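To keep things clear, I will list the structure first and then write my remarks on it.
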Amino acid sequence: MKRHTNMTRRRLLAGAAATTTFLAAPTIVRAQGGALKVGVLLPRSGVQASIGQDCQRGADLSVSLLKSLGYPDITLMNADTETNVDVARTRAEKLIADGAQLLVGAFDSGQSTAIAQVAEQKGIPFVINIAAAPPITEQGYKFVFRNFPTAPMILGDAFANQKELFEAAGAAPKTVVFMHVNDTFGMAMKGGIGAVMPKFNMPYQIVEQISYDPAARDLSVELAKAKATGAEALMVVSRLNDAILLTREMVKQRWSPMAVLSMGPGWYEDQYLKTLGKLADGPLSFVPWFDPNKKLSKQLEAALAKAHPDINLNTNHVYTFEALLVAADAFKRAKSTDPKALADAIRATDITDNVSPGPGIKFDAKGQNDKLKDSAIQNRGGKLVTVAPKVAANAKVEWPMKPYDKR
Amino acid sequence: MRSLLLDGVSRRVWIALGVTLAVLLIAPLIVNDYLLTILILILYFAYTAQAWNIMMGFAGQLSLGHALYVGLGAYTTAALYVHFGLSPWLGLPVAVIVSALTGACIGFLAFRFRVAGVYFAILTIAFAEFARIGFDHFGWVNGSSGLFLPVANYTQSDLWNLRGKPVMFYYVLLFFTVAALALCHALLRSRAGYFWQAIREDEEAARSLGIDTFRYKMYAVVLSAGMTSVAGVFFAFYYNNLFPEQVFSISRSVELILAPVIGGVGTLIGPIVGAFLLTGLAEVIWEFLNAFGFDPPGAKQVFYGICLLFVVVLLPDGVWPPLSRALGLAERPDAPDDKPEA
Amino acid sequence: MAVLLEIANVSKSFSGLRAVSDVTFGVPEGSIFAVIGPNGAGKTTLFNMIAGVFAPNSGTISFAGQRIDGRTPDEICRRGIGRTFQLVRPFPTLTVEDNVIVGALLRQPDVPAATKRAREVLRQLDLFDKRAQLASKLTLPDRKRLEVARALATEPRLLLLDEVMAGLRPTETDRIVEILKKINRDTGLTILLIEHVMRAVNSLASRVLVLHHGAAIAEGTPEAIVREPAVVESYLGVEAV
Amino acid sequence: MPAEIYLNVAVSGLLTGLVYGLMALGLSVIFGVVRVVNFAHGEMMTLAMYLAVVLFSAFKLDPLLMMVPIAAVLFVLGYALQMGLINPFITRPEHSQFMLLVAIAIILVNGLLIVFGPDARSVQTSYAYDSFAVGPLIVDATKTYAGLAAIAVAAALFAFFRFAPLGKAIRACADNYTGALVVGLDVKRLYALTFGLGAACVGAAGAMLVLIIDVTPQLGPAYTLLAFVIVITGGLGSMPGALVGGVLIGMTEAMAGLLFTPSAKSMFAFAILVLVLLFRPQGILGKQLS
Amino acid sequence: MLTVEDLDVFHGDARALDGVSLTVEEGAIVAVVGANGAGKTSLIRTIAGMYRPARGRIQLRGADIAGLPSHRVCNLGIGQVAEGRQVFPTLTVAENLEMGALLPRARAHRVTNLDRVYALFPRLSERASQAAGTLSGGEQQMLAIGRCLMGQPDLVMFDEPSLGLAPAVVKTVLQTIHELNREGLTCVLVEQNVAVSLKLASRAYVLENGRITLSGTGAELLADDRVRKAYLGM
């Protein structure tokens, strides 16, 4: 069983075990030595297919990259959660039955929670790549680790980075309208704003909050409402499709705010850039990202460019990769595939040579990496540049955003 | 009651049921955790399938929005547990009442205003969607942020608070599934069961026999809704998190309907057989595709869809009626029975 | 004899078409009363009004001294009127016995009692041996008798029969006629039948009402009725060519 | 809020509603005649949207012009589907029909996922971002074209059913199945034709919609549901009803989004559906149920 | 012209026709009498291709037509005036007639046939643009006959054409059938108006419980005691 990284767009899965243990083995025999078997659970079909498959790219890159960095061999056992908690849980059990010694996944908070319980019961470490719902690491799990900021962390960094940018630009909006999608992440962010924003003494005030349905097929009314507030800038937490819809509506309804301040996915994604072309330029995203100045970032970027020349490195790749980095690092230090030893090793993680901004990867008692820093990135000519924080920046912010009708 | 449970079941059926139950009882000792998870899923679908079957299979009222009741049951017990530390067993009656009342509401509106057939089916979907969006804005259960149940450590099973290992959930579900089977069997042989079947077959003829069809249709909806919500309790405490998008989605409702339709609508055993077949099928297809190394995301579902297509085209009454005849376990033997006269 | 069912000046129109106009008659308790007339004469409409399928536009229907017009079919049945359907409507996927149990449950306290009652009725109608068969597998004459059995199981005071003899062979007709006569004789059950088959009407009914174009054109004993020229013309066919 | 926003939102709701109506039209046509509820409606539309995307990206063919060929492809598909699979199900109970179409929907969604991948695809026309300004009123160009196309398709269908012998024959089938057999109409073929026509409407709607929204394989169910709501509100089986229902739902959503929180705007659409079902079960323009 | 041999038809599990055989000669009127539910309509619909026989042969001018779909049977010249008239209620009278003329065999003769039908039933031309559902029963029966004639049939099966009609209308309808027959149309007549149909018929069959129990000329059956007893109540 060898994981081979297939460079075609449609990867064939080869890593999963060919044999199924249908009957209980009283003690699951786990080979000492050999490659670490990592079960990767991602929603590669169903509603979240797009993100799940994007995350998978990050996972696929990791194996050879980590090896080249001197980490011991890891083998991926991939499973599709079908964007469904039942399946997520079943697949997690299956991967463990087939010998997975560590789990990574699963982008979504609901599915991650379902997997977390299996991991906890089995004593198999579970490293969450992406999932921002704060409760996951408040549950008292011992085998669940998250190398991804929670909503309040993202917000705090967003406000800090915004202030830095306003200072650099010498200008700031006095009013913003806040639009957010009414889903888990959107609500978590909305909830955080009230608590976090006052601490930062922001130069603007939020004139209106507009919440919209994640299943929305049309956002013309929402945007008309936002435009009617007369706010100088648009603050937004959205998803990819909404981001595209909102941009189109801004162009059509002839509204060019001073800035688009996004605190969620969508505005920086490849699909957004590709679909909107030059209209995609300008929005600022305050999100978990990578530090383009770090060495490993450049390596990861190069690896991705080799595998997928048309794809920009993004959060999905970075955090899925880092989850595997955590796994490989723990394996290296534990020198064992025993889950207990792995979990102990993860608890002691202290990785400084990483991709995401900030000091590095370290978990607190709850299994949360609370040292994570987020970046401010801006879309420029189909590429993404980091404009804040200064330590992780590779460009200066363009301010204000170029009006849509002048492009 | 005894006669309701024992009547009309042949010895062969008793033996078959007994063996199956015995196997299920000792299954957790034999199978690994992965299979146990599958079995839990099967029992979950078998239970909900039976609850749905009361409404559609017995009384002939097609509901395509049964996720509504699962969701209500889940949210009610979970919210009571999270906010007041109320045991799910104490929350259960509340959940059942909430769901039953909701079912009564929908039933009352539909049956009073003579919304029937396809229209009724779509009304049930509409209410489920209504609930989804409503719960997205329902702050007490955290709206779309999701409701998380606190997770204690798992070293011991706490049956009173439904905190524990999968095997505990397995036996809880097995109990409910068997209880539902017994209830359905008794119901089918009760006054309500006869009246429901009459309504299902021919509502006008049923009315001409003095049956208050409105009342009995209401009974079916209320009972089915209440029973379904019990599955919600399990769902909440097994997965420990609830999101309106997830529990009230149309695909959830569709999942609940697959097993009874594939197994055999209106039969006692069909829904259970359907749950076994479909959940098993999903796993088998997954294994199969994996073994061939052909696993583009979505392939499993395509094959699953093709299998569904074949079953529904070839076996209009579902799998169980022909299967039961083949096994000599038919629920309705055509030959005159030999039971003594009452 | 007291009048059990009283129809007074009943009329019914469908989208302007007058199906039943100003019909008046009474069915004495314990009698067998027949309504005849060509197809489309309004018999089934009249029947359905008695059974509660729809309400008359005008006029009243009383049963055992109480107004029943405009009541729902189930309530009318609970008051003691059993009915059959012209196109038989047994519950096809239920067994013969279960079909009848559904009816019997109206008056019986529980399923065993209803089963007992159902079997009595099945014996009366010579269906006992076929009780375990699915209703959909029965032949037409058997299904007709099953409908009667199901209605009888509700223990009605008045039995409404809608062309139960239609489509039966003379021997089968005679068989049902005998059964109905016996039930009428033994239990005093009142029967109102709508019928085409004169053979049955002649041997069963004590009184006959002839409907034509929604109106009653004659009422009397069967013997008197067949001699009425209007009846002969409307029922047995006009000279057309 | 400035007053013109109401006008803007109302016009936008109207246009969106017309497109919704066009999308729902296919469902209505099929149910009105064949009496089968096409639960794979949204998935078929997704397929049409992908066709438009492929034609555009490969040959730079404008979806507005491709409406007709895409409709033709979907027609063939619908015809074959009815002839091959659905015909035997016409006499089966509703849950059986539901299951068949759910199976078809599952295959379509995941087939599209395998073929096209999960990422949203779009069509970049030269007029994608155009809008017309009439005083304070700003009207979305693509929606205007789509709305006009919706009216044109509905008018064409209406004319077909009113004047073409084949259209009349289809109405005859819907009117009286036995009667159609008696006069020697080939009911099976006419049903397939109807399903094809319904699918063609879905195809036309998909070609239009791809101008407004990007397509992903998972788009289907939401649109199936939306089509149900519209068609039942307007009257299942009624063609003008579909448009009226679409406009009503479109306007309701727009106004609810403006006056209340937009995230709950679909709830108002469902509320309208429930009200219509309770007080006029046959829909606003539907015929009395038998 | 038409021969039916040994026809068995089932509806589900119930036997509707049991070994039915009959012959219809060119230019004849053949009557089939029997009680409701005896299988008359089943017989007509099986010949018309609406039901599939389980067994038996149906031949039109020597060619086997059993099991052909109804639209093909119609196109071979077997028309039907169905029980309950079966007009299209929301279509206009003219559209109803047009539906009858959609058969390939009739398309070319549409105009002449329409003139003939309007000449036969002037009422229909008066009401050409009225919805068929608003017609009276008698007018609907005329429409059903007219619609059938639009299909250029050689043989027409009439299923209870006088059902529910006023005596005067019954008279017109039966006269029309008689006339059409004289013009060369072969007719199969199923009627509850036993006396009249036997008088009209050159040959008649008694159908009981799915079986032919008696056959002969109309006059023979009219004189038959069994028929008199069972169907005339005498």
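Chain lettering (A, B, ...) mirrors the order of the structure tokens, residue numbering begins at 1 for each chain separately, and ligand numbering begins at 1 in order of display.
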Expected answer as a VMD selection string: strand (DSSP E) residues in region 25-239 of chain C:
chain C and resid 25 to 28 32 to 36 58 to 63 66 to 67 81 to 83 158 to 162 190 to 194 207 to 212 215 to 220
Would you save the residues of that selection, restricted to N, CA and C atoms, as a compact mmCIF listing (two decimals), in the first residue's frame?
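Okay, out-v5.txt is ready:
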# COMPACT_ATOMS: atom_id res chain seq x y z
N PHE C 25 -90.70 10.03 -0.77
CA PHE C 25 -91.19 8.68 -0.45
C PHE C 25 -90.73 8.29 0.95
N GLY C 26 -91.30 7.22 1.46
CA GLY C 26 -90.92 6.75 2.78
C GLY C 26 -90.65 5.27 2.76
N VAL C 27 -89.66 4.85 3.53
CA VAL C 27 -89.36 3.43 3.61
C VAL C 27 -89.79 2.94 4.99
N PRO C 28 -90.79 2.05 5.05
CA PRO C 28 -91.27 1.57 6.34
C PRO C 28 -90.23 0.67 6.99
N ILE C 32 -88.55 -4.14 2.52
CA ILE C 32 -87.54 -4.06 1.46
C ILE C 32 -88.11 -3.18 0.38
N PHE C 33 -87.41 -2.11 0.11
CA PHE C 33 -87.92 -1.08 -0.77
C PHE C 33 -86.95 -0.94 -1.93
N ALA C 34 -87.47 -0.87 -3.15
CA ALA C 34 -86.58 -0.78 -4.31
C ALA C 34 -86.81 0.52 -5.06
N VAL C 35 -85.72 1.08 -5.57
CA VAL C 35 -85.82 2.24 -6.47
C VAL C 35 -85.27 1.77 -7.80
N ILE C 36 -86.07 1.87 -8.84
CA ILE C 36 -85.59 1.45 -10.15
C ILE C 36 -85.68 2.62 -11.13
N SER C 58 -82.47 20.99 -1.89
CA SER C 58 -83.67 21.32 -1.11
C SER C 58 -84.34 20.03 -0.69
N GLY C 59 -85.27 20.14 0.26
CA GLY C 59 -85.93 18.95 0.77
C GLY C 59 -85.19 18.38 1.96
N THR C 60 -85.82 17.40 2.62
CA THR C 60 -85.21 16.83 3.82
C THR C 60 -85.16 15.32 3.72
N ILE C 61 -84.18 14.77 4.41
CA ILE C 61 -84.07 13.32 4.55
C ILE C 61 -84.05 13.04 6.05
N SER C 62 -84.97 12.20 6.51
CA SER C 62 -85.01 11.87 7.94
C SER C 62 -84.84 10.38 8.12
N PHE C 63 -84.10 10.06 9.15
CA PHE C 63 -83.90 8.65 9.48
C PHE C 63 -84.26 8.47 10.94
N GLN C 66 -85.04 11.60 12.72
CA GLN C 66 -84.08 12.70 12.81
C GLN C 66 -83.57 13.10 11.44
N ARG C 67 -83.38 14.39 11.25
CA ARG C 67 -82.84 14.88 9.97
C ARG C 67 -81.43 14.37 9.77
N ILE C 81 -77.06 3.47 9.11
CA ILE C 81 -77.32 3.20 7.70
C ILE C 81 -76.05 2.62 7.08
N GLY C 82 -76.13 1.41 6.60
CA GLY C 82 -74.99 0.80 5.92
C GLY C 82 -75.20 0.89 4.42
N ARG C 83 -74.10 0.94 3.67
CA ARG C 83 -74.28 1.07 2.22
C ARG C 83 -73.26 0.21 1.47
N LEU C 158 -80.77 0.22 8.59
CA LEU C 158 -81.17 0.33 7.18
C LEU C 158 -79.96 0.00 6.32
N LEU C 159 -80.19 -0.88 5.34
CA LEU C 159 -79.10 -1.26 4.44
C LEU C 159 -79.40 -0.67 3.07
N LEU C 160 -78.44 0.12 2.56
CA LEU C 160 -78.60 0.70 1.22
C LEU C 160 -77.79 -0.14 0.24
N LEU C 161 -78.45 -0.69 -0.74
CA LEU C 161 -77.74 -1.52 -1.71
C LEU C 161 -77.79 -0.87 -3.08
N ASP C 162 -76.63 -0.58 -3.63
CA ASP C 162 -76.57 0.09 -4.93
C ASP C 162 -76.22 -0.93 -6.01
N THR C 190 -84.21 -3.30 7.60
CA THR C 190 -84.83 -2.58 6.50
C THR C 190 -83.83 -2.46 5.36
N ILE C 191 -84.30 -2.70 4.13
CA ILE C 191 -83.38 -2.64 2.99
C ILE C 191 -83.92 -1.70 1.94
N LEU C 192 -83.05 -0.81 1.48
CA LEU C 192 -83.42 0.04 0.34
C LEU C 192 -82.46 -0.32 -0.78
N LEU C 193 -83.01 -0.82 -1.89
CA LEU C 193 -82.08 -1.18 -2.95
C LEU C 193 -82.37 -0.42 -4.23
N ILE C 194 -81.29 -0.14 -4.90
CA ILE C 194 -81.39 0.46 -6.21
C ILE C 194 -81.02 -0.64 -7.16
N ARG C 207 -92.16 -2.83 -2.03
CA ARG C 207 -92.60 -1.63 -2.73
C ARG C 207 -91.52 -1.15 -3.66
N VAL C 208 -91.92 -0.54 -4.76
CA VAL C 208 -90.96 -0.07 -5.77
C VAL C 208 -91.27 1.37 -6.13
N LEU C 209 -90.20 2.16 -6.22
CA LEU C 209 -90.34 3.52 -6.70
C LEU C 209 -89.62 3.60 -8.04
N VAL C 210 -90.25 4.20 -9.04
CA VAL C 210 -89.59 4.31 -10.34
C VAL C 210 -89.17 5.75 -10.56
N LEU C 211 -87.89 5.92 -10.81
CA LEU C 211 -87.36 7.25 -11.08
C LEU C 211 -87.12 7.37 -12.58
N HIS C 212 -87.40 8.56 -13.10
CA HIS C 212 -87.07 8.81 -14.49
C HIS C 212 -86.75 10.28 -14.62
N ALA C 215 -87.20 12.38 -11.55
CA ALA C 215 -88.50 12.50 -10.89
C ALA C 215 -89.11 11.13 -10.65
N ALA C 216 -89.88 11.03 -9.58
CA ALA C 216 -90.58 9.78 -9.32
C ALA C 216 -91.78 9.71 -10.26
N ILE C 217 -91.84 8.64 -11.08
CA ILE C 217 -92.98 8.57 -12.00
C ILE C 217 -93.99 7.52 -11.56
N ALA C 218 -93.60 6.67 -10.64
CA ALA C 218 -94.56 5.68 -10.17
C ALA C 218 -94.09 5.09 -8.87
N GLU C 219 -95.03 4.68 -8.03
CA GLU C 219 -94.66 3.95 -6.82
C GLU C 219 -95.73 2.92 -6.56
N GLY C 220 -95.34 1.74 -6.15
CA GLY C 220 -96.33 0.71 -5.88
C GLY C 220 -95.69 -0.64 -5.69
Can you tell me, as a list in words, what residues are no more than 9 Å from Thr137 (chain A) when counting only C-alpha atoms, ignoring any on the same chain fewer than 2 positions away?
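Neighbouring residues, sequence-local ones excluded: Ala133, Pro134, Pro135, Gln139, Gly140, Tyr141, Val144, Phe145, Arg146, Lys366, Gly367 and Gln368 of chain A.
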Based on the selection just made, write N, CA and C atoms of those residues as a tab-separated table (two decimals), in the first residue's frame.
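The result, stored in result_31.tsv:
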chain	number	residue	atom	x	y	z
A	133	ALA	N	-15.88	26.69	14.89
A	133	ALA	CA	-16.85	26.79	15.98
A	133	ALA	C	-16.12	26.63	17.31
A	134	PRO	N	-16.19	27.63	18.18
A	134	PRO	CA	-15.45	27.57	19.43
A	134	PRO	C	-15.74	26.33	20.28
A	135	PRO	N	-17.01	25.83	20.35
A	135	PRO	CA	-17.27	24.75	21.31
A	135	PRO	C	-16.42	23.49	21.11
A	139	GLN	N	-14.94	21.13	24.79
A	139	GLN	CA	-15.70	19.95	25.21
A	139	GLN	C	-14.92	19.06	26.16
A	140	GLY	N	-13.66	19.38	26.37
A	140	GLY	CA	-12.85	18.56	27.27
A	140	GLY	C	-12.30	17.31	26.60
A	141	TYR	N	-12.19	17.32	25.29
A	141	TYR	CA	-11.59	16.18	24.60
A	141	TYR	C	-10.10	16.11	24.93
A	144	VAL	N	-8.32	15.51	20.78
A	144	VAL	CA	-8.72	16.37	19.67
A	144	VAL	C	-7.90	17.65	19.70
A	145	PHE	N	-7.31	17.98	18.55
A	145	PHE	CA	-6.44	19.15	18.47
A	145	PHE	C	-6.88	20.01	17.29
A	146	ARG	N	-6.75	21.31	17.50
A	146	ARG	CA	-7.18	22.17	16.40
A	146	ARG	C	-6.12	23.22	16.11
A	366	LYS	N	-6.48	22.69	26.09
A	366	LYS	CA	-7.72	22.24	25.47
A	366	LYS	C	-7.49	21.68	24.08
A	367	GLY	N	-6.26	21.73	23.61
A	367	GLY	CA	-5.97	21.21	22.28
A	367	GLY	C	-6.10	22.26	21.20
A	368	GLN	N	-6.16	23.53	21.60
A	368	GLN	CA	-6.31	24.60	20.63
A	368	GLN	C	-4.97	25.30	20.43
As a PDB file with N, CA, C and O atoms, in the first residue's frame, please: the residues near Ala228 (chain A) (cut-off 9 Å, only C-alpha atoms, same-chain neighbours under 4 positions excluded).
ATOM      1  N   LEU A 223     -28.173  43.448  -1.260  1.00  0.00           N
ATOM      2  CA  LEU A 223     -27.188  44.461  -1.589  1.00  0.00           C
ATOM      3  C   LEU A 223     -27.836  45.832  -1.732  1.00  0.00           C
ATOM      4  O   LEU A 223     -27.257  46.843  -1.340  1.00  0.00           O
ATOM      5  N   ALA A 224     -29.044  45.858  -2.279  1.00  0.00           N
ATOM      6  CA  ALA A 224     -29.741  47.145  -2.398  1.00  0.00           C
ATOM      7  C   ALA A 224     -29.914  47.755  -1.009  1.00  0.00           C
ATOM      8  O   ALA A 224     -29.753  48.956  -0.810  1.00  0.00           O
TER       9      ALA A 224
ATOM     10  N   MET D   1     -34.834  54.588   4.994  1.00  0.00           N
ATOM     11  CA  MET D   1     -34.407  54.121   3.670  1.00  0.00           C
ATOM     12  C   MET D   1     -34.982  55.030   2.586  1.00  0.00           C
ATOM     13  O   MET D   1     -36.147  55.418   2.667  1.00  0.00           O
ATOM     14  N   PRO D   2     -34.186  55.359   1.585  1.00  0.00           N
ATOM     15  CA  PRO D   2     -34.713  56.196   0.494  1.00  0.00           C
ATOM     16  C   PRO D   2     -35.841  55.476  -0.236  1.00  0.00           C
ATOM     17  O   PRO D   2     -35.866  54.244  -0.308  1.00  0.00           O
ATOM     18  N   ILE D   5     -35.562  52.788  -3.200  1.00  0.00           N
ATOM     19  CA  ILE D   5     -35.130  51.407  -2.965  1.00  0.00           C
ATOM     20  C   ILE D   5     -36.327  50.459  -3.094  1.00  0.00           C
ATOM     21  O   ILE D   5     -36.203  49.345  -3.593  1.00  0.00           O
TER      22      ILE D   5
END
Give me, as a PyMOL selection string, the residues of chain E touching chain D, with the criterion being at most 10 Å (counting only C-alpha atoms).
chain E and resi 45+48-50+69-75+78-91+95-103+144+147-151
For chain D, list the residues within 6 Å of chain B, counting only C-alpha atoms, and write the list as a tab-separated table (two decimals) with N, CA and C atoms, in the first residue's frame.
chain	number	residue	atom	x	y	z
D	100	LEU	N	-38.39	6.83	-7.56
D	100	LEU	CA	-37.77	6.73	-8.89
D	100	LEU	C	-37.05	8.03	-9.21
D	103	ALA	N	-33.99	8.69	-7.13
D	103	ALA	CA	-32.85	7.90	-7.62
D	103	ALA	C	-32.23	8.59	-8.83
D	106	ILE	N	-30.27	11.58	-7.62
D	106	ILE	CA	-28.98	11.22	-6.99
D	106	ILE	C	-27.95	10.93	-8.08
D	107	ILE	N	-28.37	10.19	-9.09
D	107	ILE	CA	-27.43	9.84	-10.17
D	107	ILE	C	-26.99	11.10	-10.90
D	110	ASN	N	-24.54	13.41	-8.69
D	110	ASN	CA	-23.21	12.88	-8.48
D	110	ASN	C	-22.49	12.61	-9.79
D	267	MET	N	-38.75	32.01	4.33
D	267	MET	CA	-39.84	31.62	5.21
D	267	MET	C	-41.14	32.25	4.75
D	278	LEU	N	-53.92	26.01	2.01
D	278	LEU	CA	-55.04	25.90	2.93
D	278	LEU	C	-56.30	26.55	2.38
Can you pull out the residues contacting region 193-209 of chain E? Cut-off 6 Å, using only C-alpha atoms, and skip same-chain residues under 3 positions away; I want them as a list in words.
Gly237 of chain C; Ile29, Val30, Ala31, Val32, Val33, Gly34, Ala38, Ile212, Thr213, Leu214, Ser215, Gly216, Thr217 and Gly218 of chain E
Pick the closest to chain D from A:Leu41, A:Ala226, A:Ala100, A:Ala151: which is it, counting only C-alpha atoms?
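Closest residue, counting only C-alpha atoms: A:Ala226.
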Out of region 107-197 of chain D, which residues get helix (DSSP H, G or I) from DSSP, as an NGL selection string?
:D and (107-116 or 141-163 or 165-175 or 177-182 or 187-197)
Sorted by chain and rising residue number, which residues of chain B lie within 6 Å of chain C, and what are their closest atom pairs and distances in Å to one decimal, counting only C-alpha atoms, as CSV?
residue,atom,partner,partner_atom,distance
B:Tyr194,CA,C:Val102,CA,5.7
B:Glu201,CA,C:Phe91,CA,5.3
B:Arg207,CA,C:Asp74,CA,4.6
B:Ser208,CA,C:Pro73,CA,5.3
B:Leu209,CA,C:Gly103,CA,5.5
B:Gly210,CA,C:Asp74,CA,3.8
B:Ile211,CA,C:Asp74,CA,5.5
B:Asp212,CA,C:Asp74,CA,5.9
B:Asp334,CA,C:Gln133,CA,5.3
B:Pro336,CA,C:Ala132,CA,4.7
